[in-house]
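Peer 1: Input: one structure, supplied below.
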Amino acid sequence: MSYKVEKEIAGRTLSLESGKIARQAGGAVTVRYEDTMVLATAVSSPPREELDFFPLTVEYREMFHAVGRIPGGRYYKREGRPSIRETLTMRLVDRSLRPLFPENYHDEVQIISIVLSADKENTPDILGLVASSAALSISSIPFLGPVGVVRVGLVNDEFVINPRHSQIVESLLNLVVAADPEGKIIMLEGFAREIPEARLMEAVSCGAEASRQIASIIQEFTGKCGLPKQEVPAVGINQELFEKIKARALTEIEEKSYIVGRNERSLALEALRDNLVKEFSSDEKGVTEEEVKEVFQALEREVIRQGILKGRRPDGRSPGELRPITCEVGVLPRTHGSALFTRGDTQALVTVTLGTVMDEEMVESLEEDYTRKFMVHYNFPPFSVGEVWPIRGPRRREIGHGALAERSLEAILPEESQFPYTIRVVSDILESNGSTSMAAICGGTLCMMDAGVPIKDPVGGISIGLVKENDERRLLTDIQGAEDHFGDMDFKVAGTQHGITGLQLDLKIKGVDLELVSEALEQARQARVEILRSMLAAIDRPREQISVFAPKLARLQIEPEKIGMVIGPGGKVIRGIEEETGAHVEIEDDGTVTISAQETEAVEKARLRVEELTAEVEVGKTYLGRVMGIKDFGCFVEVLPGKEGLVHISELAPGYVERVEDIARVGDAMKVKVIGIDDQNRIRLSRKAALEVDP
C-alpha cells in the first residue's frame with residue numbers, strides 16, 4: 001500500500017511517499033520538490049560483537065541520469081567515487097541525525113539516498129536529508145526524530161527559504177538549518193559574506209521555523225505508515241563496581257584530569273586506568289577489563305563535566321579564555337606563501353600555491369559543470385595525535401574540514417579581474433588537541449597574506465563548546481580534546497572583524513534553543529577579535545609583491561571574433577608567440593586571454609604581441625609600419641599584424657615624387673599616419689603627414 005503526504009513549503013509542494021518502491025528496506029521514502037526527487041532508505045542489522053560505538057553509515061549519490069546526462073570521460077561512462085559535494089552531503093546527513101539515536105544503541109544502520117530526478121533549480125542535498133529523516137522515522141529503527149531541514153538564502157536583503165540554484169549563486173548567505181518539531185536546533189552549517197551575528201540569528205530563527213514545519217510533516221507521515229519502534233534494552237554500567245572504583249580512585253582521577261599538558265595528562269590517566277584494570281578485573285571476581293574501563297571513563301566524564309560547570313577547565317583556563325597563540329609567516333623558503341599557526345597543543349602548517357588557468361579544477365555537477373579557482377585541502381596525519389593508521393587518501397572528515405575552511409575563506413578573496421591566479425591552500429595538521437579546522441582557517445589567511453594575495457580582510461576561526469546538565473550550562477571558548485570528547489557541542493565559527501563567513505554546529509544532545517546559539521555566536525565573536533589581533537601582529541597586511549617563485553600573470557580581454565587571429569591556422573600564431581617569448585598563452589571562449597611565465601619580461605612581451613594582433617587601426621594615430629608591396633600609384637604598408645593600408649604616391653613626401661621606388665622598398669620600415677578609413681575598412685596612410693608630426 002502506498003502512503004503520501006503533501007504540504008506547501010516556500011511556495012512549492014513538498015511531497016513524501018512510501019510503500020511504492022524499495023519495499024525490502026526497513027524504511028524507504030521518496031521526497032519530491034517540484035521536479036527534484038530523492039529516494040532515501042534506512043536499514044539496520046544486528047550489532048557486531050564487542051562494539052562500543054554506534055556504527056551509522058550514510059551514503060548519498062547524485063545520479064547523472066537524473067538530469068539526462070551520461071557522466072565520465074571518454075573511456076569510463078558511469079558514476080565513480082563520491083564527489084566532494086556528495087561527501088559533504090553525507091556528512092551533513094550524518095551530523096543532523098546521529099544525535100537522535102539512543103546512547104546505548106549499537107546496531108549497524110545504513111542510510112542510502114539516491115537522486116532520482118533533478119530539475120537543476122531545487123537542490124537535492126536538502127531533500128536527501130529530509131528523506132533520510134523520514135525513512136528512519138517510519139522504520140522500526142529506534143530513531144528519536146524526526147528532524148526537518150531547510151536552506152536559507154539572503155537575496156536582495158530578504159531571507160529566502162530553499163532558494164533556487166539560480167538564487168544561491170547571488171545569495172549573501174547559504175545556511176542549512178536542521179530542527180526538531182519543537183523548533184530546537186539540531187545542526188547548523190552555513191557560509192556568508194561577512195554577515196553580522198544579529199542578522200545571522202534572524203536567518204537561523206527563520207530557518208528553524210521552516211524546519212519545524214517539515215519535521216511536523218514527517219510526524220504526520222509517520223502516523224500514517226510508521227512501524228512500531230524496536231526496543232533498546234537499558235544497559236548501564238556495573239553500579240557496584242562504579243562505587244568501589246569511585247571510592248578508590250576519584251581523587252586521583254581529579255588530580256590527573258587537571259594536569260595542564262595534554263600528553264602528560266593522557267599518560268597519567270592511562271597509567272591510572274591500567275592500574276585499576278589490574279586491581280579490579282579478574283575471572284574470580286567476575287569483572288572484565290572492559291567493565292573497568294567503562295567505569296573509569298564514566299568517572300573521568302563526571303569529573304570533567306562537573307568541573308566545567310563549576311568554572312574549572314582541564315588546563316586551568318576560564319570558560320571564555322583562549323589558549324596561547326603564536327603565528328609565524330614565511331616559514332618555508334620555496335613555497336609561494338607559508339604560515340605556522342599554533343594554539344595551545346593544536347598546530348597547523350599551511351601553505352599556498354599560486355597557479356594559472358591550467359591549474360583550475362574541472363567539476364562535473366548535476367546543475368552545470370564548472371571550474372574551481374580556489375581550493376583548500378586539509379590533511380590530518382596520524383602523528384598529529386601520536387597514533388598509527390594507514391594513509392589511503394583523504395577521509396570524509398578531511399574533505400569536510402577542508403571544505404569548511406575553503407568556504408569560510410572564499411568571502412575575502414580578491415576579484416578575479418584583480419587577481420586572476422588559481423589558489424591552492426594546503427593545511428597540514430602537525431599537532432591536534434581540538435579546533436584543527438579553525439587553525440586551518442587562521443593559517444590559510446596568514447599564508448595568503450604572506451604570498452601577496454590581496455585579500456579583503458583577514459579571517460579567524462574559533463570553536464565554542466558546551467556542557468549542559470538539566471538547567472545548568474556552560475559555554476567554553478576554544479575547546480580542546482577532552483572538552484570536545486566529554487562535552488555536548490562543537491560550534492565552529494569563522495569570520496572577519498565585520499561579520500561571519502562560515503559556521504558549523506554539531507551536537508551530541510537532542511537540540512539547543514535559539515538563545516544558546518545567540519550566546520555562543522557572541523562569545524565566538526569576542527574570541528575571534530582577539531585571534532585576529534594575534535594574527536595581524538605577525539603580518540598586518542598582504543605583501544605588496546607575490547613570491548619570486550610564483551608565476552607572473554597578465555590578463556586582457558579581446559573581441560571573441562579575434563580569437564582566431566591570436567591562435568592562427570592550426571595554432572601556428574599562438575605557438576609562435578609562446579616560442580618567441582617563453583610565456584604560456586591561454587584563451588577562453590569569451591575572449592579572456594591569460595598570459596603566464598616565470599619572468600615578468602616574458603609576460604609583457606607576449607602581452608604586446610597579443611595586443612598588436614588584436615588592435616584596431618585608429619585614424620590620426622602614427623605607426624611604425626613595414627612596406628609590404630610597391631605599386632606605380634603608391635605602396636602598401638602593414639601598420640599592425642594583418643592590417644595594411646595604402647600610402648598614395650602623393651602622400652609619400654612633401655614635394656613631388658616621380659617614382660615610388662625613390663622613397664620605399666619592400667621590407668623597409670616606414671613611419672606613417674592614418675588619415676582615413678572608408679566604409680569598406682580600407683586604410684589610407686600618409687608618410688608626409690607623419691613627417692610633419694615628427695620630422
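Note on naming: chains are A, B, ... as they come in the C-alpha cells, residues start from 1 per chain, ligands start from 1 in the order shown.
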List the neighbours of Gly667 in chain A out to 8 Å using only C-alpha atoms; skip same-chain residues closer than 3 positions along the sequence, and give me the result as a JSON list (two decimals) with N, CA and C atoms, in the first residue's frame.
Peer 2:
[["chain", "number", "residue", "atom", "x", "y", "z"],
["A", 626, "ARG", "N", 55.71, 48.47, -41.90],
["A", 626, "ARG", "CA", 56.68, 47.85, -42.81],
["A", 626, "ARG", "C", 56.08, 47.78, -44.20],
["A", 627, "VAL", "N", 56.90, 48.17, -45.19],
["A", 627, "VAL", "CA", 56.43, 48.17, -46.58],
["A", 627, "VAL", "C", 56.28, 46.73, -47.05],
["A", 628, "MET", "N", 55.06, 46.41, -47.53],
["A", 628, "MET", "CA", 54.76, 45.04, -47.94],
["A", 628, "MET", "C", 54.65, 44.89, -49.45]]
Peer 1: Residues of range 367-580 of chain A in strand (DSSP E or B) according to DSSP, as a PyMOL selection string?
Peer 2: chain A and resi 370-372+374-379+422-431+460-469+472-477+489-495+500-507+512+552-557
Peer 1: Show which residues sit within 12 Å of Ile577 in chain A, as a CSV table (one decimal) with C-alpha atoms, in the first residue's frame. Count only C-alpha atoms, and ignore same-chain residues fewer than 4 positions away.
Peer 2:
chain,number,residue,atom,x,y,z
A,566,VAL,CA,45.7,35.1,-32.0
A,567,ILE,CA,45.5,31.3,-32.4
A,568,GLY,CA,46.2,31.2,-36.1
A,571,GLY,CA,47.6,27.1,-33.7
A,572,LYS,CA,50.6,28.5,-35.6
A,573,VAL,CA,50.4,32.1,-34.3
A,581,THR,CA,58.6,34.9,-25.6
A,582,GLY,CA,58.7,31.8,-23.4
A,583,ALA,CA,55.3,32.7,-22.0
A,584,HIS,CA,52.2,30.5,-22.0
A,585,VAL,CA,49.1,32.0,-23.5
A,586,GLU,CA,45.6,30.7,-22.7
A,595,ILE,CA,49.4,35.1,-20.1
A,602,ALA,CA,58.3,37.3,-20.9
A,603,VAL,CA,54.7,38.1,-19.9
A,604,GLU,CA,55.0,41.7,-21.1
A,605,LYS,CA,56.4,40.6,-24.5
A,606,ALA,CA,53.6,38.1,-25.0
A,607,ARG,CA,51.0,40.7,-24.0
A,608,LEU,CA,52.4,43.2,-26.5
A,609,ARG,CA,52.2,40.6,-29.3
A,610,VAL,CA,48.6,39.8,-28.5
A,611,GLU,CA,47.7,43.5,-28.3
A,612,GLU,CA,49.3,44.0,-31.7
A,613,LEU,CA,47.5,41.1,-33.2
Peer 1: Among range 227-382 of chain A, which ones does DSSP place in alpha helix (DSSP H), written as a PyMOL selection string?
Peer 2: chain A and resi 239-257+262-280+289-309
Peer 1: Considering only C-alpha atoms, tabulate each residue of range 259-325 of chain A that lies at most 8 Å from range 238-255 of chain A along with its nearest interatomic pair and the corresponding distance in Å to one decimal; arrange the rows by chain and ascending residue number and present them as CSV.
Peer 2:
residue,atom,partner,partner_atom,distance
A:Ile259,CA,A:Glu255,CA,7.1
A:Leu269,CA,A:Ile253,CA,7.0
A:Leu272,CA,A:Ile253,CA,7.8
A:Leu276,CA,A:Ile245,CA,7.8
A:Glu291,CA,A:Asn238,CA,7.2
A:Val292,CA,A:Leu241,CA,7.7
A:Val295,CA,A:Phe242,CA,5.7
A:Phe296,CA,A:Ile245,CA,7.7
A:Leu299,CA,A:Lys246,CA,7.1
A:Glu300,CA,A:Ile253,CA,6.6
A:Val303,CA,A:Glu254,CA,6.3
Peer 1: May I have the selected residues written with N, CA and C atoms, as a compact mmCIF listing (two decimals), in the first residue's frame?
Peer 2:
# COMPACT_ATOMS: atom_id res chain seq x y z
N ILE A 259 45.99 17.97 35.00
CA ILE A 259 47.37 18.21 34.58
C ILE A 259 47.32 19.04 33.30
N LEU A 269 46.54 9.57 33.10
CA LEU A 269 45.23 8.93 33.19
C LEU A 269 45.27 7.50 32.67
N LEU A 272 46.87 5.30 35.31
CA LEU A 272 45.94 5.06 36.41
C LEU A 272 44.87 4.05 35.99
N LEU A 276 44.05 0.33 37.62
CA LEU A 276 42.73 -0.05 38.11
C LEU A 276 42.23 -1.32 37.43
N GLU A 291 34.67 -3.70 31.55
CA GLU A 291 33.81 -3.08 32.57
C GLU A 291 34.58 -2.04 33.38
N VAL A 292 35.81 -2.35 33.72
CA VAL A 292 36.62 -1.41 34.49
C VAL A 292 36.90 -0.15 33.66
N VAL A 295 33.78 2.02 33.53
CA VAL A 295 33.59 2.77 34.76
C VAL A 295 34.58 3.92 34.84
N PHE A 296 35.82 3.65 34.48
CA PHE A 296 36.85 4.70 34.53
C PHE A 296 36.46 5.87 33.63
N LEU A 299 33.68 7.91 35.21
CA LEU A 299 34.18 8.78 36.28
C LEU A 299 34.95 9.97 35.73
N GLU A 300 35.78 9.72 34.70
CA GLU A 300 36.52 10.81 34.08
C GLU A 300 35.55 11.83 33.47
N VAL A 303 33.98 13.89 36.27
CA VAL A 303 34.93 14.86 36.82
C VAL A 303 35.07 16.07 35.91
Peer 1: Would you mind listing what lies within 9 Å of Ile126 in chain A as a ChimeraX atom specification, with only C-alpha atoms counted and same-chain residues fewer than 2 positions away left out?
Peer 2: /A:89,93,122-124,128-131,149-151,162,176
Peer 1: Can you tell me, as a ChimeraX atom specification, what residues are no more than 6 Å from range 311-327 of chain A when counting only C-alpha atoms, ignoring any on the same chain fewer than 6 positions away?
Peer 2: /A:258,260,340-344,476-478,538
Peer 1: Take the residues from that selection and write them out as an mmCIF file, in the first residue's frame, keeping N, CA and C atoms.
Peer 2:
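That gives us part.cif:
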data_model
loop_
_atom_site.group_PDB
_atom_site.id
_atom_site.type_symbol
_atom_site.label_atom_id
_atom_site.label_comp_id
_atom_site.auth_asym_id
_atom_site.auth_seq_id
_atom_site.Cartn_x
_atom_site.Cartn_y
_atom_site.Cartn_z
ATOM 1 N N TYR A 258 43.451 17.304 35.713
ATOM 2 C CA TYR A 258 43.770 18.727 35.639
ATOM 3 C C TYR A 258 45.258 18.993 35.475
ATOM 4 N N VAL A 260 48.091 20.112 33.225
ATOM 5 C CA VAL A 260 47.933 21.085 32.134
ATOM 6 C C VAL A 260 48.312 20.518 30.774
ATOM 7 N N LEU A 340 52.776 29.149 10.019
ATOM 8 C CA LEU A 340 52.668 28.164 11.094
ATOM 9 C C LEU A 340 51.795 28.780 12.178
ATOM 10 N N PHE A 341 50.608 28.201 12.373
ATOM 11 C CA PHE A 341 49.659 28.713 13.366
ATOM 12 C C PHE A 341 49.568 27.703 14.503
ATOM 13 N N THR A 342 49.840 28.162 15.723
ATOM 14 C CA THR A 342 49.812 27.283 16.889
ATOM 15 C C THR A 342 48.899 27.889 17.947
ATOM 16 N N ARG A 343 47.963 27.077 18.436
ATOM 17 C CA ARG A 343 47.075 27.499 19.518
ATOM 18 C C ARG A 343 47.062 26.362 20.524
ATOM 19 N N GLY A 344 47.737 26.583 21.658
ATOM 20 C CA GLY A 344 47.875 25.509 22.631
ATOM 21 C C GLY A 344 48.597 24.327 22.020
ATOM 22 N N LEU A 476 32.053 27.203 26.443
ATOM 23 C CA LEU A 476 33.515 27.191 26.534
ATOM 24 C C LEU A 476 34.128 27.713 25.245
ATOM 25 N N THR A 477 35.059 28.635 25.378
ATOM 26 C CA THR A 477 35.790 29.155 24.225
ATOM 27 C C THR A 477 37.021 28.306 23.957
ATOM 28 N N ASP A 478 37.263 28.000 22.678
ATOM 29 C CA ASP A 478 38.481 27.298 22.255
ATOM 30 C C ASP A 478 38.600 25.942 22.953
ATOM 31 N N ALA A 538 51.607 39.279 13.469
ATOM 32 C CA ALA A 538 52.614 38.553 12.682
ATOM 33 C C ALA A 538 52.776 39.158 11.295
#
Peer 1: Might you pull out every residue within 10 Å of range 95-103 of chain A, with only C-alpha atoms counted and same-chain residues fewer than 6 positions away left off, and present them as a VMD selection string?
Peer 2: chain A and resid 53 to 58 89 129 132 to 133 136 141 to 149 177 to 180 185 to 188 232 234 to 235 488 505 to 511
Peer 1: Compare A:Glu561, A:Pro82, A:Gly444, A:Pro47 by their minimum atom-to-atom distance to Thr614 in chain A, counting only C-alpha atoms, and give me the closest one.
Peer 2: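 Ranked by minimum distance to Thr614 in chain A, first place goes to A:Glu561.
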